[in-house]
Every structure is written in structure tokens, then in C-alpha cells.
file final_18.pdb (PDB, C-alpha atoms and all ligand atoms)
ATOM      1  CA  MET A   1    -241.277   8.158  85.135  1.00  0.00           C
ATOM      2  CA  TYR A   2    -238.734   5.606  84.105  1.00  0.00           C
ATOM      3  CA  LYS A   3    -237.947   2.623  86.318  1.00  0.00           C
ATOM      4  CA  HIS A   4    -235.007   3.622  88.484  1.00  0.00           C
ATOM      5  CA  LYS A   5    -233.070   2.860  91.665  1.00  0.00           C
ATOM      6  CA  VAL A   6    -232.001   5.685  94.017  1.00  0.00           C
ATOM      7  CA  LEU A   7    -228.202   5.955  94.274  1.00  0.00           C
ATOM      8  CA  ILE A   8    -227.781   9.284  96.087  1.00  0.00           C
ATOM      9  CA  THR A   9    -230.517  10.741  98.262  1.00  0.00           C
ATOM     10  CA  GLU A  10    -231.622  14.372  98.403  1.00  0.00           C
ATOM     11  CA  ASP A  11    -230.059  14.751 101.883  1.00  0.00           C
ATOM     12  CA  GLN A  12    -226.738  13.352 100.695  1.00  0.00           C
ATOM     13  CA  ILE A  13    -226.709  15.795  97.779  1.00  0.00           C
ATOM     14  CA  ILE A  14    -227.519  18.791  99.993  1.00  0.00           C
ATOM     15  CA  ARG A  15    -224.729  17.884 102.421  1.00  0.00           C
ATOM     16  CA  ARG A  16    -222.156  17.265  99.707  1.00  0.00           C
ATOM     17  CA  VAL A  17    -222.971  20.483  97.847  1.00  0.00           C
ATOM     18  CA  GLU A  18    -222.414  22.379 101.107  1.00  0.00           C
ATOM     19  CA  GLU A  19    -219.039  20.676 101.527  1.00  0.00           C
ATOM     20  CA  LEU A  20    -218.030  21.575  97.976  1.00  0.00           C
ATOM     21  CA  ALA A  21    -219.022  25.196  98.587  1.00  0.00           C
ATOM     22  CA  LEU A  22    -216.885  25.198 101.752  1.00  0.00           C
ATOM     23  CA  GLU A  23    -213.889  23.961  99.752  1.00  0.00           C
ATOM     24  CA  LEU A  24    -214.437  26.675  97.121  1.00  0.00           C
ATOM     25  CA  ASN A  25    -214.893  29.375  99.765  1.00  0.00           C
ATOM     26  CA  LYS A  26    -211.664  28.257 101.410  1.00  0.00           C
ATOM     27  CA  GLN A  27    -209.671  28.104  98.198  1.00  0.00           C
ATOM     28  CA  TYR A  28    -210.901  31.307  96.536  1.00  0.00           C
ATOM     29  CA  GLY A  29    -211.541  33.515  99.582  1.00  0.00           C
ATOM     30  CA  GLU A  30    -212.673  36.970  98.489  1.00  0.00           C
ATOM     31  CA  LYS A  31    -211.782  36.524  94.806  1.00  0.00           C
ATOM     32  CA  THR A  32    -214.604  37.074  92.361  1.00  0.00           C
ATOM     33  CA  LEU A  33    -215.476  33.772  90.714  1.00  0.00           C
ATOM     34  CA  ASP A  34    -216.712  33.265  87.145  1.00  0.00           C
ATOM     35  CA  VAL A  35    -218.788  30.090  87.109  1.00  0.00           C
ATOM     36  CA  VAL A  36    -219.436  28.509  83.714  1.00  0.00           C
ATOM     37  CA  CYS A  37    -222.415  26.136  83.805  1.00  0.00           C
ATOM     38  CA  VAL A  38    -222.684  23.414  81.191  1.00  0.00           C
ATOM     39  CA  LEU A  39    -226.296  23.262  79.998  1.00  0.00           C
ATOM     40  CA  LYS A  40    -228.615  21.701  80.689  1.00  0.00           C
ATOM     41  CA  GLY A  41    -227.531  19.137  83.255  1.00  0.00           C
ATOM     42  CA  ALA A  42    -225.556  21.364  85.642  1.00  0.00           C
ATOM     43  CA  THR A  43    -228.266  24.002  86.163  1.00  0.00           C
ATOM     44  CA  ILE A  44    -229.718  22.587  89.391  1.00  0.00           C
ATOM     45  CA  PHE A  45    -226.233  21.942  90.789  1.00  0.00           C
ATOM     46  CA  MET A  46    -225.210  25.504  89.949  1.00  0.00           C
ATOM     47  CA  ALA A  47    -228.298  27.040  91.525  1.00  0.00           C
ATOM     48  CA  ASP A  48    -227.671  25.205  94.795  1.00  0.00           C
ATOM     49  CA  LEU A  49    -223.887  25.603  94.844  1.00  0.00           C
ATOM     50  CA  ILE A  50    -223.523  29.312  94.104  1.00  0.00           C
ATOM     51  CA  ARG A  51    -225.987  30.245  96.838  1.00  0.00           C
ATOM     52  CA  LYS A  52    -223.543  28.719  99.331  1.00  0.00           C
ATOM     53  CA  LEU A  53    -220.581  30.720  97.998  1.00  0.00           C
ATOM     54  CA  ASN A  54    -219.454  33.806  99.900  1.00  0.00           C
ATOM     55  CA  MET A  55    -217.469  35.627  97.197  1.00  0.00           C
ATOM     56  CA  PRO A  56    -218.956  37.694  94.344  1.00  0.00           C
ATOM     57  CA  VAL A  57    -219.994  35.332  91.541  1.00  0.00           C
ATOM     58  CA  ARG A  58    -220.622  35.844  87.840  1.00  0.00           C
ATOM     59  CA  THR A  59    -222.522  33.151  85.933  1.00  0.00           C
ATOM     60  CA  HIS A  60    -222.109  32.021  82.354  1.00  0.00           C
ATOM     61  CA  PHE A  61    -223.739  29.251  80.334  1.00  0.00           C
ATOM     62  CA  VAL A  62    -222.463  27.036  77.554  1.00  0.00           C
ATOM     63  CA  GLN A  63    -224.075  24.176  75.703  1.00  0.00           C
ATOM     64  CA  VAL A  64    -222.311  21.626  73.577  1.00  0.00           C
ATOM     65  CA  SER A  65    -223.671  19.363  70.886  1.00  0.00           C
ATOM     66  CA  THR A  66    -222.702  15.726  70.924  1.00  0.00           C
ATOM     67  CA  TYR A  67    -223.887  13.290  68.348  1.00  0.00           C
ATOM     68  CA  GLY A  68    -226.487  10.810  69.574  1.00  0.00           C
ATOM     69  CA  THR A  69    -229.171  11.177  72.256  1.00  0.00           C
ATOM     70  CA  GLY A  70    -229.015   7.738  73.865  1.00  0.00           C
ATOM     71  CA  SER A  71    -227.281   6.650  77.035  1.00  0.00           C
ATOM     72  CA  GLU A  72    -223.761   6.422  75.569  1.00  0.00           C
ATOM     73  CA  SER A  73    -221.570   9.510  75.133  1.00  0.00           C
ATOM     74  CA  SER A  74    -220.241  10.004  71.624  1.00  0.00           C
ATOM     75  CA  GLY A  75    -216.843  11.285  70.673  1.00  0.00           C
ATOM     76  CA  THR A  76    -217.758  14.358  68.627  1.00  0.00           C
ATOM     77  CA  VAL A  77    -218.307  17.619  70.501  1.00  0.00           C
ATOM     78  CA  SER A  78    -218.959  21.129  69.223  1.00  0.00           C
ATOM     79  CA  LEU A  79    -220.009  24.377  70.883  1.00  0.00           C
ATOM     80  CA  HIS A  80    -223.715  24.939  70.331  1.00  0.00           C
ATOM     81  CA  PHE A  81    -224.393  27.987  72.542  1.00  0.00           C
ATOM     82  CA  SER A  82    -222.399  30.258  74.806  1.00  0.00           C
ATOM     83  CA  THR A  83    -222.989  33.389  76.884  1.00  0.00           C
ATOM     84  CA  VAL A  84    -219.273  33.677  77.633  1.00  0.00           C
ATOM     85  CA  ALA A  85    -217.932  37.012  76.450  1.00  0.00           C
ATOM     86  CA  ASP A  86    -214.801  37.872  78.393  1.00  0.00           C
ATOM     87  CA  LEU A  87    -212.831  35.689  80.808  1.00  0.00           C
ATOM     88  CA  LEU A  88    -209.510  37.529  80.543  1.00  0.00           C
ATOM     89  CA  ASP A  89    -207.659  37.327  83.893  1.00  0.00           C
ATOM     90  CA  ARG A  90    -210.706  35.864  85.620  1.00  0.00           C
ATOM     91  CA  ASP A  91    -210.791  32.949  88.049  1.00  0.00           C
ATOM     92  CA  VAL A  92    -213.064  30.402  86.407  1.00  0.00           C
ATOM     93  CA  ILE A  93    -214.879  27.312  87.624  1.00  0.00           C
ATOM     94  CA  LEU A  94    -216.213  25.059  84.899  1.00  0.00           C
ATOM     95  CA  LEU A  95    -219.255  23.362  86.374  1.00  0.00           C
ATOM     96  CA  GLU A  96    -220.563  20.105  84.933  1.00  0.00           C
ATOM     97  CA  ASP A  97    -223.092  17.514  86.037  1.00  0.00           C
ATOM     98  CA  ILE A  98    -221.066  14.412  85.249  1.00  0.00           C
ATOM     99  CA  LEU A  99    -217.587  13.516  84.070  1.00  0.00           C
ATOM    100  CA  ASP A 100    -217.732  10.330  82.055  1.00  0.00           C
ATOM    101  CA  THR A 101    -215.296   9.768  79.171  1.00  0.00           C
ATOM    102  CA  GLY A 102    -213.963  13.317  79.732  1.00  0.00           C
ATOM    103  CA  ILE A 103    -214.381  14.282  76.087  1.00  0.00           C
ATOM    104  CA  THR A 104    -216.902  17.075  76.770  1.00  0.00           C
ATOM    105  CA  LEU A 105    -214.888  18.767  79.523  1.00  0.00           C
ATOM    106  CA  ASP A 106    -211.626  18.349  77.641  1.00  0.00           C
ATOM    107  CA  TYR A 107    -213.176  20.193  74.701  1.00  0.00           C
ATOM    108  CA  LEU A 108    -214.650  22.945  76.899  1.00  0.00           C
ATOM    109  CA  LEU A 109    -211.435  23.443  78.883  1.00  0.00           C
ATOM    110  CA  LYS A 110    -209.498  23.994  75.658  1.00  0.00           C
ATOM    111  CA  HIS A 111    -212.165  26.392  74.400  1.00  0.00           C
ATOM    112  CA  LEU A 112    -212.244  28.439  77.632  1.00  0.00           C
ATOM    113  CA  LYS A 113    -208.465  28.533  78.039  1.00  0.00           C
ATOM    114  CA  GLU A 114    -208.309  30.404  74.719  1.00  0.00           C
ATOM    115  CA  LYS A 115    -210.040  33.248  76.553  1.00  0.00           C
ATOM    116  CA  LYS A 116    -206.975  33.546  78.810  1.00  0.00           C
ATOM    117  CA  PRO A 117    -208.478  33.268  82.294  1.00  0.00           C
ATOM    118  CA  ARG A 118    -206.093  33.723  85.260  1.00  0.00           C
ATOM    119  CA  SER A 119    -207.085  30.263  86.471  1.00  0.00           C
ATOM    120  CA  ILE A 120    -209.558  27.573  85.532  1.00  0.00           C
ATOM    121  CA  GLN A 121    -210.661  24.570  87.568  1.00  0.00           C
ATOM    122  CA  VAL A 122    -213.252  21.881  86.972  1.00  0.00           C
ATOM    123  CA  CYS A 123    -216.035  21.091  89.444  1.00  0.00           C
ATOM    124  CA  VAL A 124    -218.306  18.127  88.751  1.00  0.00           C
ATOM    125  CA  LEU A 125    -221.155  16.740  90.773  1.00  0.00           C
ATOM    126  CA  LEU A 126    -220.587  13.169  89.610  1.00  0.00           C
ATOM    127  CA  ASP A 127    -217.585  11.260  88.352  1.00  0.00           C
ATOM    128  CA  LYS A 128    -217.651   7.916  86.506  1.00  0.00           C
ATOM    129  CA  PRO A 129    -213.882   7.272  86.503  1.00  0.00           C
ATOM    130  CA  THR A 130    -214.105   3.826  84.926  1.00  0.00           C
ATOM    131  CA  LYS A 131    -215.287   5.249  81.594  1.00  0.00           C
ATOM    132  CA  ARG A 132    -212.490   7.812  81.091  1.00  0.00           C
ATOM    133  CA  LYS A 133    -211.021   8.128  77.587  1.00  0.00           C
ATOM    134  CA  VAL A 134    -209.205  11.433  78.175  1.00  0.00           C
ATOM    135  CA  ASN A 135    -206.745  12.004  81.018  1.00  0.00           C
ATOM    136  CA  LEU A 136    -208.762  14.487  83.063  1.00  0.00           C
ATOM    137  CA  GLN A 137    -209.190  14.726  86.840  1.00  0.00           C
ATOM    138  CA  PRO A 138    -211.781  17.096  88.335  1.00  0.00           C
ATOM    139  CA  HIS A 139    -210.402  19.572  90.890  1.00  0.00           C
ATOM    140  CA  PHE A 140    -213.656  19.380  92.845  1.00  0.00           C
ATOM    141  CA  ARG A 141    -215.971  16.393  92.772  1.00  0.00           C
ATOM    142  CA  GLY A 142    -219.235  15.612  94.529  1.00  0.00           C
ATOM    143  CA  PHE A 143    -219.552  11.844  94.227  1.00  0.00           C
ATOM    144  CA  GLU A 144    -217.823   8.999  92.472  1.00  0.00           C
ATOM    145  CA  ILE A 145    -220.398   6.651  90.934  1.00  0.00           C
ATOM    146  CA  PRO A 146    -220.258   3.271  89.221  1.00  0.00           C
ATOM    147  CA  ASP A 147    -220.707   2.929  85.483  1.00  0.00           C
ATOM    148  CA  GLU A 148    -224.487   3.206  85.395  1.00  0.00           C
ATOM    149  CA  PHE A 149    -226.628   5.689  83.503  1.00  0.00           C
ATOM    150  CA  VAL A 150    -228.039   8.146  86.035  1.00  0.00           C
ATOM    151  CA  ILE A 151    -230.914  10.614  86.074  1.00  0.00           C
ATOM    152  CA  GLY A 152    -232.162  13.271  88.480  1.00  0.00           C
ATOM    153  CA  TYR A 153    -230.930  16.541  90.009  1.00  0.00           C
ATOM    154  CA  GLY A 154    -230.488  18.012  86.519  1.00  0.00           C
ATOM    155  CA  LEU A 155    -229.536  14.837  84.673  1.00  0.00           C
ATOM    156  CA  ASP A 156    -231.895  13.415  82.092  1.00  0.00           C
ATOM    157  CA  TYR A 157    -232.643  10.443  79.949  1.00  0.00           C
ATOM    158  CA  GLN A 158    -234.127  11.733  76.708  1.00  0.00           C
ATOM    159  CA  GLU A 159    -234.926  15.042  78.441  1.00  0.00           C
ATOM    160  CA  LEU A 160    -236.899  13.565  81.347  1.00  0.00           C
ATOM    161  CA  GLY A 161    -235.841  13.066  84.945  1.00  0.00           C
ATOM    162  CA  ARG A 162    -234.124  16.419  85.528  1.00  0.00           C
ATOM    163  CA  ASN A 163    -236.550  17.477  88.262  1.00  0.00           C
ATOM    164  CA  LEU A 164    -236.031  14.438  90.478  1.00  0.00           C
ATOM    165  CA  ARG A 165    -234.635  15.566  93.841  1.00  0.00           C
ATOM    166  CA  PHE A 166    -232.266  12.579  94.094  1.00  0.00           C
ATOM    167  CA  ILE A 167    -229.876  10.815  91.726  1.00  0.00           C
ATOM    168  CA  ALA A 168    -230.961   7.422  90.464  1.00  0.00           C
ATOM    169  CA  ALA A 169    -229.652   4.723  88.178  1.00  0.00           C
ATOM    170  CA  LEU A 170    -231.911   4.209  85.193  1.00  0.00           C
ATOM    171  CA  ASP A 171    -233.159   0.656  84.900  1.00  0.00           C
ATOM    172  CA  PRO A 172    -231.431  -0.917  81.881  1.00  0.00           C
ATOM    173  CA  SER A 173    -234.850  -2.095  80.611  1.00  0.00           C
ATOM    174  CA  GLU A 174    -235.613   1.587  79.829  1.00  0.00           C
ATOM    175  CA  TYR A 175    -232.793   2.024  77.298  1.00  0.00           C
ATOM    176  CA  LYS A 176    -234.067   2.383  73.763  1.00  0.00           C
ATOM    177  CA  PRO A 177    -232.626  -0.305  71.477  1.00  0.00           C
TER     178      PRO A 177
HETATM  179  P1  LIG A 201    -218.277  12.779  78.641  1.00  0.00           P
HETATM  180  O1  LIG A 201    -218.284  11.345  78.187  1.00  0.00           O
HETATM  181  O2  LIG A 201    -217.999  13.727  77.502  1.00  0.00           O
HETATM  182  O3  LIG A 201    -219.765  12.962  79.060  1.00  0.00           O
HETATM  183  O4  LIG A 201    -217.413  12.992  79.842  1.00  0.00           O
HETATM  184  C1  LIG A 201    -220.242  14.022  79.668  1.00  0.00           C
HETATM  185  C2  LIG A 201    -221.646  14.252  79.222  1.00  0.00           C
HETATM  186  O5  LIG A 201    -222.341  13.030  78.918  1.00  0.00           O
HETATM  187  C3  LIG A 201    -223.598  13.011  79.501  1.00  0.00           C
HETATM  188  N1  LIG A 201    -223.682  11.843  80.411  1.00  0.00           N
HETATM  189  C4  LIG A 201    -224.743  11.525  81.138  1.00  0.00           C
HETATM  190  N2  LIG A 201    -225.938  12.141  81.264  1.00  0.00           N
HETATM  191  N3  LIG A 201    -226.594  10.483  82.789  1.00  0.00           N
HETATM  192  C5  LIG A 201    -226.863  11.598  82.089  1.00  0.00           C
HETATM  193  O6  LIG A 201    -227.946  12.140  82.228  1.00  0.00           O
HETATM  194  C6  LIG A 201    -225.414   9.814  82.720  1.00  0.00           C
HETATM  195  O7  LIG A 201    -225.215   8.794  83.380  1.00  0.00           O
HETATM  196  C7  LIG A 201    -224.434  10.369  81.845  1.00  0.00           C
HETATM  197  N4  LIG A 201    -223.181  10.008  81.516  1.00  0.00           N
HETATM  198  C8  LIG A 201    -222.749  10.928  80.640  1.00  0.00           C
HETATM  199  C9  LIG A 201    -223.738  14.314  80.245  1.00  0.00           C
HETATM  200  O8  LIG A 201    -224.546  15.144  79.476  1.00  0.00           O
HETATM  201  C10 LIG A 201    -222.383  14.911  80.339  1.00  0.00           C
HETATM  202  O9  LIG A 201    -222.407  16.287  80.127  1.00  0.00           O
HETATM  203 MG    MG A 202    -228.238  14.595  78.769  1.00  0.00          MG
END
call {"tool": "encode", "arguments": {"input": "final_18.pdb", "output": "C-alpha cells", "more": "lines below"}}
Ligand code: XMP
Ligand code: MG
result
Amino acid sequence: MYKHKVLITEDQIIRRVEELALELNKQYGEKTLDVVCVLKGATIFMADLIRKLNMPVRTHFVQVSTYGTGSESSGTVSLHFSTVADLLDRDVILLEDILDTGITLDYLLKHLKEKKPRSIQVCVLLDKPTKRKVNLQPHFRGFEIPDEFVIGYGLDYQELGRNLRFIAALDPSEYKP
């Protein structure tokens, strides 16, 4: 595995995910929730979060393509894959692993709003607010992190690191030139 430094431990993640679920349970009550998971990074977060939710939950998956596979987000996003059929009058949570520049979620929010949900809110596990290029605030957020490239708990560097049980900063020496 890559050289890394643990930023958020497994215990901290478990506790914070429970708190987020409490907030969602409080805000949505008995309403059925349509949770849209952004592949692949948010899968572990989704699996843990929805099992702490008390209301009926539907799950959907979307995947976007962004140019480049390195550690920097690029500015061009397109929809690569989606299981979303109908969101008309539904209460939707868009679930993402990390909010960085905001370009990905901005694109997906616009795309999903075209399906005319009753409401749509963004829930992210991690937020790197210093890198924002689009004015976007998550409604629910697990942790704010510094501007470091992170892996673990679903997040990858070149497809590895997703199965780590904690979140870690990748050592800069691992970045490909
Ligand atoms: P934007 O910039 O569009 O980025 O908000 C969101 C997407 O960029 C990826 N991303 C990361 N992935 N560690 C990762 O594994 C990171 O530190 C990181 N920062 C951004 C991620 O795929 C997210 O969906
Ligand atoms: Mg990735």
C-alpha cells in the first residue's frame, strides 16, 4: 500500500456516520428517502449510513467521468452511468465521498434537479473547503479536512486504497509525476 498518514480513525468515522444518520432521521422523519450514491467513492459511506436510517430508503447509483486520473480534479464532468429512472416528487439525498472544487456535485445537482424531485440535499463525508471553485455548501458533512489527497473508506488513489478502514493522507512522494 502507498505511504500514508492516518487523518481520521475507524472509530471516528463510525461515530460521525451515526451522528449524520441521526440528523437525517430527525430532518426527514418517516419520509421515504431516495439516496443517490456517487460511484465509486461513496459506496462504503452509503452502506454504513443507510443502515442507520429509520425511514424507507431507495438507492440509486451514478458515475461521472472526469478527465485525468491523478490527484487533481479536472474541470470537465460528464455522466458516465446512472441507475436513476424517476425522482419526480421524491426527497433526494445526493451522497458523495468528498467535496473538493465542487464541480462534480454542481454538475450532478443540476442533472438531478431536471428530474423534478420534491427536495434535494447534499451529504458528503469529507469537505475540502479551501479548494472550492463553485459556490456550493453541503447540507450534511462528516468532516472538514485540509487540502491533502486522501485515501481509504471508499476513496482511492489510482483505484487502490478503497478498502482501508480509516481515512489517510497520501504521502506526496506517491504522486505520479
Ligand atoms: P470536485 O473537485 O469535483 O471533486 O469537488 C470531487 C471528486 O474528486 C475526487 N477527489 C478525491 N478523491 N481523494 C480521492 O480519492 C481526494 O483527496 C480527492 N479529492 C477529490 C473524488 O472522486 C470526488 O468525487
Ligand atoms: Mg477517485
call {"tool": "residues_around", "arguments": {"input": "final_18.pdb", "residues": "Leu22 in chain A", "least_positions_apart": "5", "cutoff": "12 Å", "atoms": "only C-alpha atoms", "output": "PDB file with C-alpha atoms, keeping the file's coordinate frame"}}
result
ATOM      1  CA  ARG A  15    -224.729  17.884 102.421  1.00  0.00           C
ATOM      2  CA  ARG A  16    -222.156  17.265  99.707  1.00  0.00           C
ATOM      3  CA  VAL A  17    -222.971  20.483  97.847  1.00  0.00           C
ATOM      4  CA  GLN A  27    -209.671  28.104  98.198  1.00  0.00           C
ATOM      5  CA  TYR A  28    -210.901  31.307  96.536  1.00  0.00           C
ATOM      6  CA  GLY A  29    -211.541  33.515  99.582  1.00  0.00           C
ATOM      7  CA  LEU A  49    -223.887  25.603  94.844  1.00  0.00           C
ATOM      8  CA  ILE A  50    -223.523  29.312  94.104  1.00  0.00           C
ATOM      9  CA  ARG A  51    -225.987  30.245  96.838  1.00  0.00           C
ATOM     10  CA  LYS A  52    -223.543  28.719  99.331  1.00  0.00           C
ATOM     11  CA  LEU A  53    -220.581  30.720  97.998  1.00  0.00           C
ATOM     12  CA  ASN A  54    -219.454  33.806  99.900  1.00  0.00           C
ATOM     13  CA  MET A  55    -217.469  35.627  97.197  1.00  0.00           C
ATOM     14  CA  PHE A 140    -213.656  19.380  92.845  1.00  0.00           C
TER      15      PHE A 140
END
call {"tool": "closest_residue", "arguments": {"input": "final_18.pdb", "among": "A:Glu18, A:Asp34, A:Phe149, A:Leu108", "to": "Ser173 in chain A", "atoms": "all atoms listed in the file"}}
result
A:Phe149
call {"tool": "atom_distance", "arguments": {"input": "final_18.pdb", "atom1": "CA of Gln121 in chain A", "atom2": "CA of Cys37 in chain A"}}
result
12.4 Å
call {"tool": "residues_around", "arguments": {"input": "final_18.pdb", "residues": "range 88-102 of chain A", "least_positions_apart": "5", "cutoff": "7 Å", "atoms": "all atoms listed in the file", "output": "list in words"}}
result
Leu33, Asp34, Val35, Val36, Cys37, Val38, Gly41, Ala42, Lys115, Lys116, Pro117, Arg118, Ser119, Ile120, Gln121, Val122, Cys123, Val124, Leu125, Leu126, Asp127, Lys128, Pro129, Lys131, Arg132, Lys133, Val134 and Leu136 of chain A
call {"tool": "resolve_selection", "arguments": {"input": "final_18.pdb", "expression": "the PyMOL selection byres (((chain A and resi 167) around 7) and not hetatm)", "output": "list in words"}}
result
Val6, Leu7, Ile8, Thr9, Val150, Ile151, Gly152, Tyr153, Phe166 and Ala168 of chain A
call {"tool": "closest_residue", "arguments": {"input": "final_18.pdb", "among": "A:Asn135, A:Thr32, A:Asn163, A:Thr104", "to": "ligand LIG 201 (chain A)", "atoms": "only C-alpha atoms and all ligand atoms"}}
result
A:Thr104
call {"tool": "closest_atom_pairs", "arguments": {"input": "final_18.pdb", "of": "chain A", "to": "ligand MG 202 (chain A)", "cutoff": "8 Å", "atoms": "all atoms listed in the file", "output": "CSV"}}
result
residue,atom,partner,partner_atom,distance
A:Lys40,CA,A:MG202,MG,7.4
A:Gly41,CA,A:MG202,MG,6.4
A:Thr69,CA,A:MG202,MG,7.4
A:Leu155,CA,A:MG202,MG,6.0
A:Asp156,CA,A:MG202,MG,5.1
A:Tyr157,CA,A:MG202,MG,6.2
A:Gln158,CA,A:MG202,MG,6.9
A:Glu159,CA,A:MG202,MG,6.7
call {"tool": "closest_residue", "arguments": {"input": "final_18.pdb", "among": "A:Asp171, A:Leu105, A:Asp48, A:Gln137", "to": "ligand LIG 201 (chain A)", "atoms": "all atoms listed in the file"}}
result
A:Leu105
call {"tool": "atom_distance", "arguments": {"input": "final_18.pdb", "atom1": "CA of Lys3 in chain A", "atom2": "CA of Thr76 in chain A"}}
result
29.3 Å
call {"tool": "atom_distance", "arguments": {"input": "final_18.pdb", "atom1": "CA of Glu144 in chain A", "atom2": "CA of Ile103 in chain A"}}
result
17.6 Å
call {"tool": "axis_aligned_box", "arguments": {"input": "final_18.pdb", "around": "ligand LIG 201 (chain A)", "padding_each_side": "8 Å", "output": "JSON"}}
result
{"center_x": -222.7, "center_y": 12.5, "center_z": 80.4, "size_x": 26.5, "size_y": 23.5, "size_z": 21.9}
call {"tool": "closest_residue", "arguments": {"input": "final_18.pdb", "among": "A:Glu114, A:Asp106, A:Glu19, A:Glu174", "to": "ligand LIG 201 (chain A)", "atoms": "all atoms listed in the file"}}
result
A:Asp106
call {"tool": "closest_residue", "arguments": {"input": "final_18.pdb", "among": "A:Gly142, A:Pro56, A:Gly154, A:Gly75", "to": "Thr43 in chain A", "atoms": "all atoms listed in the file"}}
result
A:Gly154
call {"tool": "closest_residue", "arguments": {"input": "final_18.pdb", "among": "A:Ile44, A:Leu39, A:Ala85, A:Leu79", "to": "ligand LIG 201 (chain A)", "atoms": "all atoms listed in the file"}}
result
A:Leu39
call {"tool": "build_atoms", "arguments": {"input": "final_18.pdb", "residues": "range 167-174 of chain A", "atoms": "all heavy atoms", "output": "PDB file, in the frame of the given file"}}
result
ATOM      1  N   ILE A 167    -230.529  11.372  92.920  1.00  0.00           N
ATOM      2  CA  ILE A 167    -229.876  10.815  91.726  1.00  0.00           C
ATOM      3  C   ILE A 167    -230.128   9.321  91.711  1.00  0.00           C
ATOM      4  O   ILE A 167    -229.952   8.638  92.731  1.00  0.00           O
ATOM      5  CB  ILE A 167    -228.379  11.158  91.719  1.00  0.00           C
ATOM      6  CG1 ILE A 167    -228.229  12.664  91.451  1.00  0.00           C
ATOM      7  CG2 ILE A 167    -227.629  10.366  90.650  1.00  0.00           C
ATOM      8  CD1 ILE A 167    -226.916  13.226  91.833  1.00  0.00           C
ATOM      9  N   ALA A 168    -230.571   8.826  90.557  1.00  0.00           N
ATOM     10  CA  ALA A 168    -230.961   7.422  90.464  1.00  0.00           C
ATOM     11  C   ALA A 168    -230.361   6.775  89.230  1.00  0.00           C
ATOM     12  O   ALA A 168    -230.152   7.433  88.208  1.00  0.00           O
ATOM     13  CB  ALA A 168    -232.490   7.317  90.399  1.00  0.00           C
ATOM     14  N   ALA A 169    -230.103   5.488  89.350  1.00  0.00           N
ATOM     15  CA  ALA A 169    -229.652   4.723  88.178  1.00  0.00           C
ATOM     16  C   ALA A 169    -230.893   4.330  87.379  1.00  0.00           C
ATOM     17  O   ALA A 169    -231.883   3.840  87.936  1.00  0.00           O
ATOM     18  CB  ALA A 169    -228.904   3.482  88.632  1.00  0.00           C
ATOM     19  N   LEU A 170    -230.819   4.581  86.088  1.00  0.00           N
ATOM     20  CA  LEU A 170    -231.911   4.209  85.193  1.00  0.00           C
ATOM     21  C   LEU A 170    -231.912   2.697  85.033  1.00  0.00           C
ATOM     22  O   LEU A 170    -230.851   2.087  84.857  1.00  0.00           O
ATOM     23  CB  LEU A 170    -231.654   4.879  83.838  1.00  0.00           C
ATOM     24  CG  LEU A 170    -232.717   4.792  82.766  1.00  0.00           C
ATOM     25  CD1 LEU A 170    -233.961   5.568  83.170  1.00  0.00           C
ATOM     26  CD2 LEU A 170    -232.162   5.353  81.459  1.00  0.00           C
ATOM     27  N   ASP A 171    -233.088   2.103  85.103  1.00  0.00           N
ATOM     28  CA  ASP A 171    -233.159   0.656  84.900  1.00  0.00           C
ATOM     29  C   ASP A 171    -232.797   0.335  83.446  1.00  0.00           C
ATOM     30  O   ASP A 171    -233.328   0.947  82.519  1.00  0.00           O
ATOM     31  CB  ASP A 171    -234.580   0.164  85.215  1.00  0.00           C
ATOM     32  CG  ASP A 171    -234.617  -1.353  85.318  1.00  0.00           C
ATOM     33  OD1 ASP A 171    -234.659  -2.018  84.246  1.00  0.00           O
ATOM     34  OD2 ASP A 171    -234.580  -1.851  86.449  1.00  0.00           O
ATOM     35  N   PRO A 172    -231.883  -0.622  83.248  1.00  0.00           N
ATOM     36  CA  PRO A 172    -231.431  -0.917  81.881  1.00  0.00           C
ATOM     37  C   PRO A 172    -232.576  -1.263  80.934  1.00  0.00           C
ATOM     38  O   PRO A 172    -232.466  -1.067  79.716  1.00  0.00           O
ATOM     39  CB  PRO A 172    -230.495  -2.111  82.060  1.00  0.00           C
ATOM     40  CG  PRO A 172    -230.022  -2.014  83.473  1.00  0.00           C
ATOM     41  CD  PRO A 172    -231.162  -1.402  84.267  1.00  0.00           C
ATOM     42  N   SER A 173    -233.710  -1.744  81.478  1.00  0.00           N
ATOM     43  CA  SER A 173    -234.850  -2.095  80.611  1.00  0.00           C
ATOM     44  C   SER A 173    -235.434  -0.859  79.917  1.00  0.00           C
ATOM     45  O   SER A 173    -236.202  -0.988  78.972  1.00  0.00           O
ATOM     46  CB  SER A 173    -235.938  -2.771  81.438  1.00  0.00           C
ATOM     47  OG  SER A 173    -236.497  -1.848  82.357  1.00  0.00           O
ATOM     48  N   GLU A 174    -235.077   0.347  80.407  1.00  0.00           N
ATOM     49  CA  GLU A 174    -235.613   1.587  79.829  1.00  0.00           C
ATOM     50  C   GLU A 174    -234.824   2.061  78.616  1.00  0.00           C
ATOM     51  O   GLU A 174    -235.296   2.933  77.887  1.00  0.00           O
ATOM     52  CB  GLU A 174    -235.601   2.710  80.886  1.00  0.00           C
ATOM     53  CG  GLU A 174    -236.441   2.425  82.113  1.00  0.00           C
ATOM     54  CD  GLU A 174    -237.939   2.662  81.856  1.00  0.00           C
ATOM     55  OE1 GLU A 174    -238.324   2.938  80.708  1.00  0.00           O
ATOM     56  OE2 GLU A 174    -238.703   2.550  82.830  1.00  0.00           O
TER      57      GLU A 174
END
